[in-house]
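Participant: Coordinates in protein30.cif, mmCIF, N, CA and C atoms, are listed below.
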data_my_file
loop_
_atom_site.label_atom_id
_atom_site.label_comp_id
_atom_site.auth_asym_id
_atom_site.auth_seq_id
_atom_site.Cartn_x
_atom_site.Cartn_y
_atom_site.Cartn_z
N MET A 7 169.49 80.64 141.99
CA MET A 7 168.67 79.46 141.93
C MET A 7 167.49 79.75 140.99
N PRO A 8 167.17 78.84 140.07
CA PRO A 8 166.06 79.07 139.15
C PRO A 8 164.73 79.05 139.90
N ASP A 9 163.72 79.65 139.28
CA ASP A 9 162.40 79.64 139.90
C ASP A 9 161.90 78.20 140.00
N LEU A 10 161.42 77.83 141.16
CA LEU A 10 160.91 76.49 141.39
C LEU A 10 159.38 76.52 141.31
N ASP A 11 158.80 75.41 140.86
CA ASP A 11 157.34 75.36 140.89
C ASP A 11 156.92 74.95 142.30
N VAL A 12 155.64 75.06 142.57
CA VAL A 12 155.13 74.82 143.92
C VAL A 12 155.43 73.40 144.38
N ASN A 13 155.32 72.43 143.49
CA ASN A 13 155.59 71.04 143.90
C ASN A 13 157.05 70.86 144.33
N GLU A 14 157.96 71.53 143.65
CA GLU A 14 159.37 71.45 144.04
C GLU A 14 159.59 72.14 145.39
N ILE A 15 158.91 73.25 145.60
CA ILE A 15 159.01 73.96 146.88
C ILE A 15 158.47 73.09 148.01
N ILE A 16 157.33 72.45 147.77
CA ILE A 16 156.75 71.58 148.80
C ILE A 16 157.71 70.44 149.13
N ALA A 17 158.37 69.89 148.12
CA ALA A 17 159.35 68.82 148.36
C ALA A 17 160.49 69.33 149.24
N LEU A 18 160.96 70.56 148.99
CA LEU A 18 162.02 71.14 149.82
C LEU A 18 161.54 71.36 151.25
N ILE A 19 160.33 71.87 151.40
CA ILE A 19 159.77 72.10 152.74
C ILE A 19 159.69 70.79 153.50
N ARG A 20 159.22 69.74 152.83
CA ARG A 20 159.04 68.45 153.49
C ARG A 20 160.36 67.82 153.91
N LYS A 21 161.46 68.19 153.26
CA LYS A 21 162.77 67.70 153.70
C LYS A 21 163.14 68.30 155.05
N GLU A 22 162.68 69.53 155.29
CA GLU A 22 162.96 70.21 156.56
C GLU A 22 161.91 69.90 157.62
N ASP A 23 160.65 69.74 157.20
CA ASP A 23 159.54 69.52 158.13
C ASP A 23 158.64 68.45 157.52
N SER A 24 158.82 67.22 157.96
CA SER A 24 158.10 66.09 157.36
C SER A 24 156.79 65.76 158.08
N ARG A 25 156.34 66.65 158.97
CA ARG A 25 155.10 66.37 159.71
C ARG A 25 153.88 66.26 158.82
N PHE A 26 153.87 66.98 157.71
CA PHE A 26 152.68 67.06 156.88
C PHE A 26 152.96 66.48 155.50
N GLU A 27 151.99 65.74 154.98
CA GLU A 27 152.10 65.16 153.65
C GLU A 27 151.99 66.27 152.60
N ARG A 28 152.45 65.95 151.41
CA ARG A 28 152.37 66.89 150.28
C ARG A 28 150.94 67.39 150.08
N GLN A 29 149.97 66.49 150.23
CA GLN A 29 148.57 66.85 150.01
C GLN A 29 148.09 67.91 150.98
N ALA A 30 148.66 67.97 152.18
CA ALA A 30 148.28 69.01 153.14
C ALA A 30 148.61 70.39 152.59
N TYR A 31 149.74 70.51 151.93
CA TYR A 31 150.14 71.80 151.35
C TYR A 31 149.24 72.17 150.18
N THR A 32 148.93 71.19 149.35
CA THR A 32 148.04 71.45 148.22
C THR A 32 146.66 71.83 148.72
N PHE A 33 146.18 71.13 149.75
CA PHE A 33 144.88 71.44 150.34
C PHE A 33 144.84 72.87 150.87
N VAL A 34 145.86 73.27 151.61
CA VAL A 34 145.88 74.63 152.18
C VAL A 34 145.95 75.67 151.07
N ARG A 35 146.75 75.42 150.05
CA ARG A 35 146.84 76.36 148.93
C ARG A 35 145.50 76.48 148.20
N ASP A 36 144.87 75.36 147.89
CA ASP A 36 143.56 75.39 147.23
C ASP A 36 142.50 75.96 148.16
N GLY A 37 142.60 75.63 149.43
CA GLY A 37 141.65 76.14 150.41
C GLY A 37 141.74 77.65 150.58
N LEU A 38 142.94 78.20 150.44
CA LEU A 38 143.10 79.65 150.50
C LEU A 38 142.35 80.29 149.34
N GLU A 39 142.50 79.74 148.15
CA GLU A 39 141.78 80.28 146.99
C GLU A 39 140.27 80.22 147.22
N HIS A 40 139.80 79.13 147.79
CA HIS A 40 138.38 78.97 148.11
C HIS A 40 137.94 80.04 149.12
N ALA A 41 138.73 80.21 150.18
CA ALA A 41 138.40 81.18 151.22
C ALA A 41 138.36 82.60 150.66
N VAL A 42 139.31 82.94 149.81
CA VAL A 42 139.34 84.28 149.20
C VAL A 42 138.09 84.50 148.36
N ARG A 43 137.71 83.51 147.55
CA ARG A 43 136.49 83.63 146.73
C ARG A 43 135.27 83.87 147.60
N GLU A 44 135.14 83.08 148.67
CA GLU A 44 133.98 83.20 149.55
C GLU A 44 133.96 84.55 150.27
N LEU A 45 135.13 85.01 150.72
CA LEU A 45 135.20 86.30 151.40
C LEU A 45 134.88 87.44 150.43
N LYS A 46 135.31 87.32 149.18
CA LYS A 46 134.99 88.35 148.19
C LYS A 46 133.49 88.43 147.96
N LYS A 47 132.84 87.27 147.90
CA LYS A 47 131.37 87.25 147.75
C LYS A 47 130.71 87.94 148.93
N ARG A 48 131.14 87.58 150.13
CA ARG A 48 130.56 88.16 151.35
C ARG A 48 130.84 89.66 151.41
N ASP A 49 132.08 90.05 151.12
CA ASP A 49 132.45 91.46 151.19
C ASP A 49 131.76 92.28 150.11
N ALA A 50 131.52 91.68 148.94
CA ALA A 50 130.82 92.39 147.86
C ALA A 50 129.40 92.72 148.31
N ALA A 51 128.79 91.80 149.03
CA ALA A 51 127.43 92.03 149.54
C ALA A 51 127.43 93.17 150.56
N ARG A 52 128.54 93.37 151.23
CA ARG A 52 128.67 94.44 152.22
C ARG A 52 129.36 95.67 151.65
N ALA A 53 129.68 95.62 150.35
CA ALA A 53 130.35 96.74 149.65
C ALA A 53 131.71 97.06 150.27
N ARG A 54 132.42 96.01 150.71
CA ARG A 54 133.77 96.20 151.25
C ARG A 54 134.79 95.91 150.17
N VAL A 55 135.91 96.57 150.26
CA VAL A 55 136.98 96.34 149.30
C VAL A 55 137.80 95.12 149.71
N SER A 56 138.58 94.60 148.78
CA SER A 56 139.42 93.44 149.06
C SER A 56 140.36 93.74 150.22
N ARG A 57 140.69 92.68 150.94
CA ARG A 57 141.61 92.82 152.05
C ARG A 57 142.32 91.51 152.28
N HIS A 58 143.26 91.53 153.19
CA HIS A 58 144.06 90.36 153.54
C HIS A 58 143.20 89.35 154.31
N VAL A 59 143.45 88.08 154.11
CA VAL A 59 142.74 87.02 154.83
C VAL A 59 143.49 86.75 156.14
N THR A 60 142.77 86.81 157.24
CA THR A 60 143.40 86.55 158.55
C THR A 60 143.55 85.05 158.77
N GLY A 61 144.33 84.69 159.76
CA GLY A 61 144.50 83.28 160.11
C GLY A 61 143.18 82.63 160.48
N ARG A 62 142.38 83.32 161.28
CA ARG A 62 141.06 82.79 161.67
C ARG A 62 140.16 82.61 160.45
N GLU A 63 140.14 83.59 159.57
CA GLU A 63 139.31 83.48 158.36
C GLU A 63 139.78 82.33 157.48
N LEU A 64 141.09 82.14 157.37
CA LEU A 64 141.60 81.04 156.57
C LEU A 64 141.24 79.70 157.21
N ALA A 65 141.38 79.58 158.52
CA ALA A 65 141.01 78.33 159.20
C ALA A 65 139.54 78.01 158.98
N GLU A 66 138.69 79.03 159.07
CA GLU A 66 137.26 78.82 158.83
C GLU A 66 137.00 78.45 157.38
N GLY A 67 137.70 79.10 156.46
CA GLY A 67 137.57 78.76 155.05
C GLY A 67 138.05 77.35 154.76
N LEU A 68 139.11 76.92 155.43
CA LEU A 68 139.62 75.56 155.24
C LEU A 68 138.63 74.53 155.78
N ARG A 69 137.94 74.87 156.87
CA ARG A 69 136.89 73.98 157.38
C ARG A 69 135.80 73.80 156.33
N ASP A 70 135.31 74.91 155.79
CA ASP A 70 134.25 74.84 154.78
C ASP A 70 134.72 74.08 153.54
N TYR A 71 135.95 74.34 153.11
CA TYR A 71 136.50 73.68 151.93
C TYR A 71 136.64 72.17 152.16
N ALA A 72 137.12 71.78 153.35
CA ALA A 72 137.27 70.35 153.66
C ALA A 72 135.92 69.66 153.67
N LEU A 73 134.93 70.29 154.28
CA LEU A 73 133.59 69.69 154.31
C LEU A 73 133.01 69.57 152.90
N GLU A 74 133.25 70.58 152.09
CA GLU A 74 132.76 70.57 150.71
C GLU A 74 133.45 69.46 149.90
N GLN A 75 134.75 69.31 150.08
CA GLN A 75 135.52 68.35 149.30
C GLN A 75 135.38 66.91 149.79
N TYR A 76 135.33 66.71 151.11
CA TYR A 76 135.44 65.37 151.67
C TYR A 76 134.27 64.95 152.53
N GLY A 77 133.34 65.84 152.80
CA GLY A 77 132.15 65.49 153.59
C GLY A 77 132.50 64.83 154.90
N PRO A 78 131.83 63.71 155.21
CA PRO A 78 132.06 63.06 156.50
C PRO A 78 133.46 62.48 156.67
N LEU A 79 134.21 62.39 155.58
CA LEU A 79 135.58 61.87 155.67
C LEU A 79 136.62 62.96 155.90
N ALA A 80 136.19 64.21 156.02
CA ALA A 80 137.13 65.33 156.11
C ALA A 80 138.17 65.15 157.21
N LYS A 81 137.73 64.83 158.41
CA LYS A 81 138.68 64.68 159.52
C LYS A 81 139.65 63.54 159.25
N THR A 82 139.16 62.42 158.74
CA THR A 82 140.02 61.27 158.42
C THR A 82 141.07 61.65 157.39
N VAL A 83 140.66 62.36 156.35
CA VAL A 83 141.58 62.76 155.28
C VAL A 83 142.63 63.72 155.83
N LEU A 84 142.19 64.76 156.54
CA LEU A 84 143.14 65.75 157.08
C LEU A 84 144.11 65.10 158.05
N ASN A 85 143.59 64.22 158.92
CA ASN A 85 144.47 63.53 159.87
C ASN A 85 145.51 62.67 159.15
N ALA A 86 145.12 62.04 158.05
CA ALA A 86 146.06 61.21 157.29
C ALA A 86 147.21 62.04 156.72
N TRP A 87 146.95 63.31 156.50
CA TRP A 87 147.97 64.21 155.97
C TRP A 87 148.78 64.89 157.06
N GLY A 88 148.47 64.58 158.34
CA GLY A 88 149.21 65.16 159.45
C GLY A 88 148.53 66.37 160.07
N LEU A 89 147.36 66.72 159.61
CA LEU A 89 146.63 67.88 160.12
C LEU A 89 145.63 67.40 161.17
N HIS A 90 145.84 67.80 162.44
CA HIS A 90 145.00 67.33 163.54
C HIS A 90 144.34 68.46 164.32
N GLU A 91 144.81 69.67 164.12
CA GLU A 91 144.23 70.83 164.81
C GLU A 91 144.53 72.08 163.98
N THR A 92 143.83 73.16 164.27
CA THR A 92 143.94 74.35 163.41
C THR A 92 145.33 74.97 163.42
N ILE A 93 146.09 74.80 164.48
CA ILE A 93 147.46 75.33 164.50
C ILE A 93 148.31 74.67 163.42
N HIS A 94 147.96 73.45 163.04
CA HIS A 94 148.69 72.79 161.95
C HIS A 94 148.47 73.50 160.62
N PHE A 95 147.28 74.08 160.42
CA PHE A 95 147.08 74.91 159.23
C PHE A 95 148.09 76.06 159.24
N GLY A 96 148.27 76.66 160.41
CA GLY A 96 149.23 77.75 160.54
C GLY A 96 150.65 77.30 160.27
N ASP A 97 151.00 76.10 160.72
CA ASP A 97 152.34 75.56 160.46
C ASP A 97 152.58 75.41 158.96
N VAL A 98 151.58 74.88 158.25
CA VAL A 98 151.70 74.72 156.80
C VAL A 98 151.81 76.09 156.14
N VAL A 99 150.95 77.03 156.54
CA VAL A 99 150.97 78.38 155.97
C VAL A 99 152.34 79.02 156.17
N TYR A 100 152.86 78.94 157.38
CA TYR A 100 154.14 79.59 157.65
C TYR A 100 155.32 78.90 156.96
N ASN A 101 155.21 77.60 156.74
CA ASN A 101 156.23 76.94 155.92
C ASN A 101 156.18 77.49 154.49
N LEU A 102 155.00 77.71 153.97
CA LEU A 102 154.86 78.27 152.62
C LEU A 102 155.29 79.73 152.58
N ILE A 103 155.08 80.47 153.64
CA ILE A 103 155.54 81.86 153.72
C ILE A 103 157.06 81.92 153.66
N GLU A 104 157.73 81.00 154.36
CA GLU A 104 159.19 80.98 154.36
C GLU A 104 159.77 80.81 152.96
N TYR A 105 159.03 80.17 152.08
CA TYR A 105 159.48 79.95 150.70
C TYR A 105 158.79 80.91 149.72
N ASN A 106 158.19 81.95 150.25
CA ASN A 106 157.56 83.00 149.45
C ASN A 106 156.43 82.52 148.55
N VAL A 107 155.79 81.42 148.92
CA VAL A 107 154.61 80.97 148.19
C VAL A 107 153.41 81.79 148.66
N PHE A 108 153.33 82.04 149.96
CA PHE A 108 152.32 82.91 150.56
C PHE A 108 153.03 84.14 151.11
N SER A 109 152.25 85.18 151.36
CA SER A 109 152.81 86.37 152.00
C SER A 109 152.03 86.63 153.29
N LYS A 110 152.57 87.50 154.10
CA LYS A 110 151.91 87.85 155.36
C LYS A 110 152.08 89.34 155.63
N THR A 111 151.26 89.83 156.54
CA THR A 111 151.40 91.21 156.98
C THR A 111 152.16 91.22 158.30
N ASP A 112 152.53 92.39 158.75
CA ASP A 112 153.26 92.51 160.02
C ASP A 112 152.42 92.06 161.21
N SER A 113 151.10 92.12 161.07
CA SER A 113 150.24 91.74 162.19
C SER A 113 149.91 90.25 162.22
N ASP A 114 150.24 89.52 161.16
CA ASP A 114 149.96 88.08 161.11
C ASP A 114 150.91 87.32 162.02
N ARG A 115 150.34 86.29 162.69
CA ARG A 115 151.14 85.43 163.56
C ARG A 115 150.68 83.99 163.39
N ARG A 116 151.59 83.08 163.55
CA ARG A 116 151.25 81.65 163.48
C ARG A 116 150.16 81.32 164.51
N GLU A 117 150.23 81.96 165.65
CA GLU A 117 149.27 81.69 166.73
C GLU A 117 147.84 82.09 166.37
N ASP A 118 147.67 82.88 165.31
CA ASP A 118 146.31 83.24 164.86
C ASP A 118 145.50 82.01 164.48
N PHE A 119 146.19 80.91 164.21
CA PHE A 119 145.53 79.67 163.81
C PHE A 119 145.21 78.75 164.99
N ALA A 120 145.69 79.09 166.17
CA ALA A 120 145.55 78.22 167.34
C ALA A 120 144.11 78.20 167.83
N ASP A 121 143.61 77.00 168.06
CA ASP A 121 142.32 76.79 168.73
C ASP A 121 141.16 77.55 168.10
N VAL A 122 141.13 77.66 166.79
CA VAL A 122 140.00 78.31 166.13
C VAL A 122 138.76 77.43 166.29
N TYR A 123 138.93 76.13 166.18
CA TYR A 123 137.89 75.13 166.43
C TYR A 123 138.58 73.79 166.62
N THR A 124 137.85 72.84 167.15
CA THR A 124 138.40 71.48 167.24
C THR A 124 137.98 70.72 165.98
N PHE A 125 138.81 69.80 165.57
CA PHE A 125 138.47 69.00 164.39
C PHE A 125 137.23 68.16 164.65
N GLU A 126 137.03 67.72 165.89
CA GLU A 126 135.85 66.94 166.22
C GLU A 126 134.58 67.77 166.01
N ALA A 127 134.58 68.99 166.52
CA ALA A 127 133.40 69.86 166.37
C ALA A 127 133.17 70.25 164.92
N ALA A 128 134.25 70.49 164.19
CA ALA A 128 134.12 70.96 162.82
C ALA A 128 133.79 69.86 161.83
N PHE A 129 134.37 68.69 162.02
CA PHE A 129 134.30 67.66 160.98
C PHE A 129 133.53 66.40 161.36
N GLU A 130 133.25 66.21 162.64
CA GLU A 130 132.47 65.04 163.06
C GLU A 130 131.05 65.42 163.48
N ALA A 131 130.94 66.46 164.28
CA ALA A 131 129.63 66.85 164.82
C ALA A 131 128.56 67.09 163.74
N PRO A 132 128.89 67.72 162.61
CA PRO A 132 127.83 67.95 161.61
C PRO A 132 127.22 66.67 161.05
N PHE A 133 127.88 65.55 161.23
CA PHE A 133 127.40 64.30 160.65
C PHE A 133 126.83 63.32 161.68
N ARG A 134 126.82 63.73 162.95
CA ARG A 134 126.24 62.87 163.97
C ARG A 134 124.72 62.95 163.89
N PRO A 135 124.05 61.84 164.16
CA PRO A 135 122.58 61.88 164.15
C PRO A 135 122.08 62.81 165.25
N ARG A 136 121.05 63.51 164.93
CA ARG A 136 120.44 64.41 165.93
C ARG A 136 119.47 63.61 166.79
N GLU A 137 119.31 64.05 168.04
CA GLU A 137 118.36 63.40 168.93
C GLU A 137 116.95 63.71 168.46
N ARG A 138 116.09 62.73 168.62
CA ARG A 138 114.69 62.96 168.29
C ARG A 138 114.08 63.81 169.40
N ARG A 139 113.24 64.71 169.02
CA ARG A 139 112.63 65.61 170.01
C ARG A 139 111.45 64.95 170.71
N ARG A 140 110.76 64.04 170.04
CA ARG A 140 109.66 63.35 170.69
C ARG A 140 109.79 61.86 170.38
N PRO A 141 109.41 61.04 171.31
CA PRO A 141 109.54 59.61 171.08
C PRO A 141 108.56 59.12 170.02
N LEU A 142 108.95 58.06 169.31
CA LEU A 142 108.06 57.44 168.35
C LEU A 142 106.95 56.72 169.11
N PRO A 143 105.76 56.62 168.55
CA PRO A 143 104.69 55.91 169.24
C PRO A 143 105.03 54.42 169.32
N SER A 144 104.59 53.79 170.41
CA SER A 144 104.83 52.36 170.55
C SER A 144 103.84 51.59 169.69
N PHE A 145 104.10 50.32 169.49
CA PHE A 145 103.20 49.51 168.66
C PHE A 145 101.80 49.45 169.27
N ALA A 146 101.71 49.42 170.59
CA ALA A 146 100.41 49.34 171.25
C ALA A 146 99.57 50.58 170.96
N GLU A 147 100.23 51.75 170.86
CA GLU A 147 99.50 53.01 170.60
C GLU A 147 99.07 53.11 169.13
N ALA A 148 99.74 52.38 168.26
CA ALA A 148 99.46 52.47 166.83
C ALA A 148 98.15 51.77 166.47
N ASP A 149 97.66 50.83 167.30
CA ASP A 149 96.42 50.09 167.01
C ASP A 149 95.29 50.98 167.17
#
Can you turn what I pasted into structure tokens?

Facilitator:
Amino acid sequence: MPDLDVNEIIALIRKEDSRFERQAYTFVRDGLEHAVRELKKRDAARARVSRHVTGRELAEGLRDYALEQYGPLAKTVLNAWGLHETIHFGDVVYNLIEYNVFSKTDSDRREDFADVYTFEAAFEAPFRPRERRRPLPSFAEAD
């Protein structure tokens, strides 16, 4: 079989597992690159050498990437693509692993992506108005 490009691979994956839109795969692939860049910056500050990205680190990187790309619409966008919880990131990753787009180590597991955070806490809570710490003065007090 000739070498397929990523879009052709994603089309093949989606024939077997149609839960996630094509954009979910592109998002996870681009989000991995983002997470690796951010981890390299952090590790360089700590003088650590390059290493493998764990499922938890990737889920956290995908959260940051989604917020950066989509802001308050992040949860809506991800949900539209079939992504509703962090285990779905793992499902996408493992579908890509099966087609050799991503690689894994012997210690990696799909379950590493389970319950890293809730989409509500990650993508809605940062945009909710904060409670005021002290009440505003009433009109009578302003005179």

Participant: Nearest to A:Phe133 among A:Asp70, A:Ala120, A:Gly77, A:Ser109, with distances taken over all atoms listed in the file: which residue is it?

Facilitator: A:Gly77

Participant: Excluding A:Tyr105 and residues on its chain fewer than 6 positions from it, collect all residues at most 10 Å away from it, counting only C-alpha atoms, and give them as JSON, numbers by chain.

Facilitator: {"A": [12, 15, 16, 18, 19]}

Participant: Could you check the closest approach to A:Ile93 for each of A:Arg35, A:Arg116, A:Asp11, A:Asp23 and tell me which residue wins, using only C-alpha atoms?

Facilitator: A:Arg116

Participant: Padding 6 Å on each side, edges along x, y and z: where is the centre of the box around the listed atoms of stretch 101-117 of chain A, and how long are its edges in Å to one decimal? Output it as lines of an AutoDock Vina configuration file.

Facilitator:
center_x = 153.8
center_y = 84.7
center_z = 157.5
size_x = 23.9
size_y = 27.6
size_z = 30.5

Participant: Take atom CA of A:Thr32 and atom CA of A:Gly61 and report the distance between them in Å, one decimal.

Facilitator: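 Between these atoms lies a distance of 17.1 Å.
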
Participant: What do you get, as a list in words, if you spell out every residue that the PyMOL selection byres ((chain A and resi 123) around 8) selects here?

Facilitator: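 So the PyMOL selection byres ((chain A and resi 123) around 8), applied here, picks out Ala65, Glu66, Glu91, Thr92, Ile93, Phe119, Ala120, Asp121, Val122, Thr124, Phe125, Glu126, Ala127 and Ala128 of chain A.
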
Participant: Which residue is closest to A:Asp118? Choose from A:Gly37, A:Glu27, A:Gly96, A:Ala72 and count all atoms listed in the file.

Facilitator: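 Closest candidate: A:Gly96.
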
Participant: Sorted by chain and rising residue number, list the residues of stretch 48-142 of chain A at most 8 Å from stretch 40-43 of chain A (counting all atoms listed in the file), each with its closest atom pair and distance in Å to one decimal, as JSON lines.

Facilitator:
{"residue": "A:Arg48", "atom": "N", "partner": "A:Arg43", "partner_atom": "C", "distance": 6.1}
{"residue": "A:Asp49", "atom": "N", "partner": "A:Arg43", "partner_atom": "C", "distance": 7.8}
{"residue": "A:Val59", "atom": "CA", "partner": "A:Val42", "partner_atom": "CA", "distance": 7.1}
{"residue": "A:Glu63", "atom": "C", "partner": "A:Ala41", "partner_atom": "CA", "distance": 6.5}
{"residue": "A:Leu64", "atom": "CA", "partner": "A:Ala41", "partner_atom": "CA", "distance": 6.2}
{"residue": "A:Glu66", "atom": "C", "partner": "A:Ala41", "partner_atom": "CA", "distance": 6.9}
{"residue": "A:Gly67", "atom": "CA", "partner": "A:Ala41", "partner_atom": "CA", "distance": 4.6}
{"residue": "A:Leu68", "atom": "N", "partner": "A:Ala41", "partner_atom": "CA", "distance": 6.0}
{"residue": "A:Tyr71", "atom": "CA", "partner": "A:His40", "partner_atom": "CA", "distance": 6.8}

Participant: Just give me the gap between atom C of A:Phe33 and atom C of A:Asn85 in Å, one decimal is fine.

Facilitator: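 Taking atom C of A:Phe33 as the start and atom C of A:Asn85 as the end point, the length is 13.2 Å.
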
Participant: Can you turn the PyMOL selection byres (((chain A and resi 78 and name CA) around 9) and name CA) into a concrete residue list for this file, as a PyMOL selection string?

Facilitator: chain A and resi 73+76-77+79-82+129-130+132-133

Participant: Give me the residues within 7 Å of A:Phe26 as a PyMOL selection string, counting all atoms listed in the file and dropping any in the same chain fewer than 3 places off.

Facilitator: chain A and resi 20+23+29-31+87-89

Participant: Please indicate the distance in Å from atom CA of A:Thr111 to atom CA of A:Arg62, rounded to one decimal place.

Facilitator: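 These two atoms are separated by 14.1 Å.
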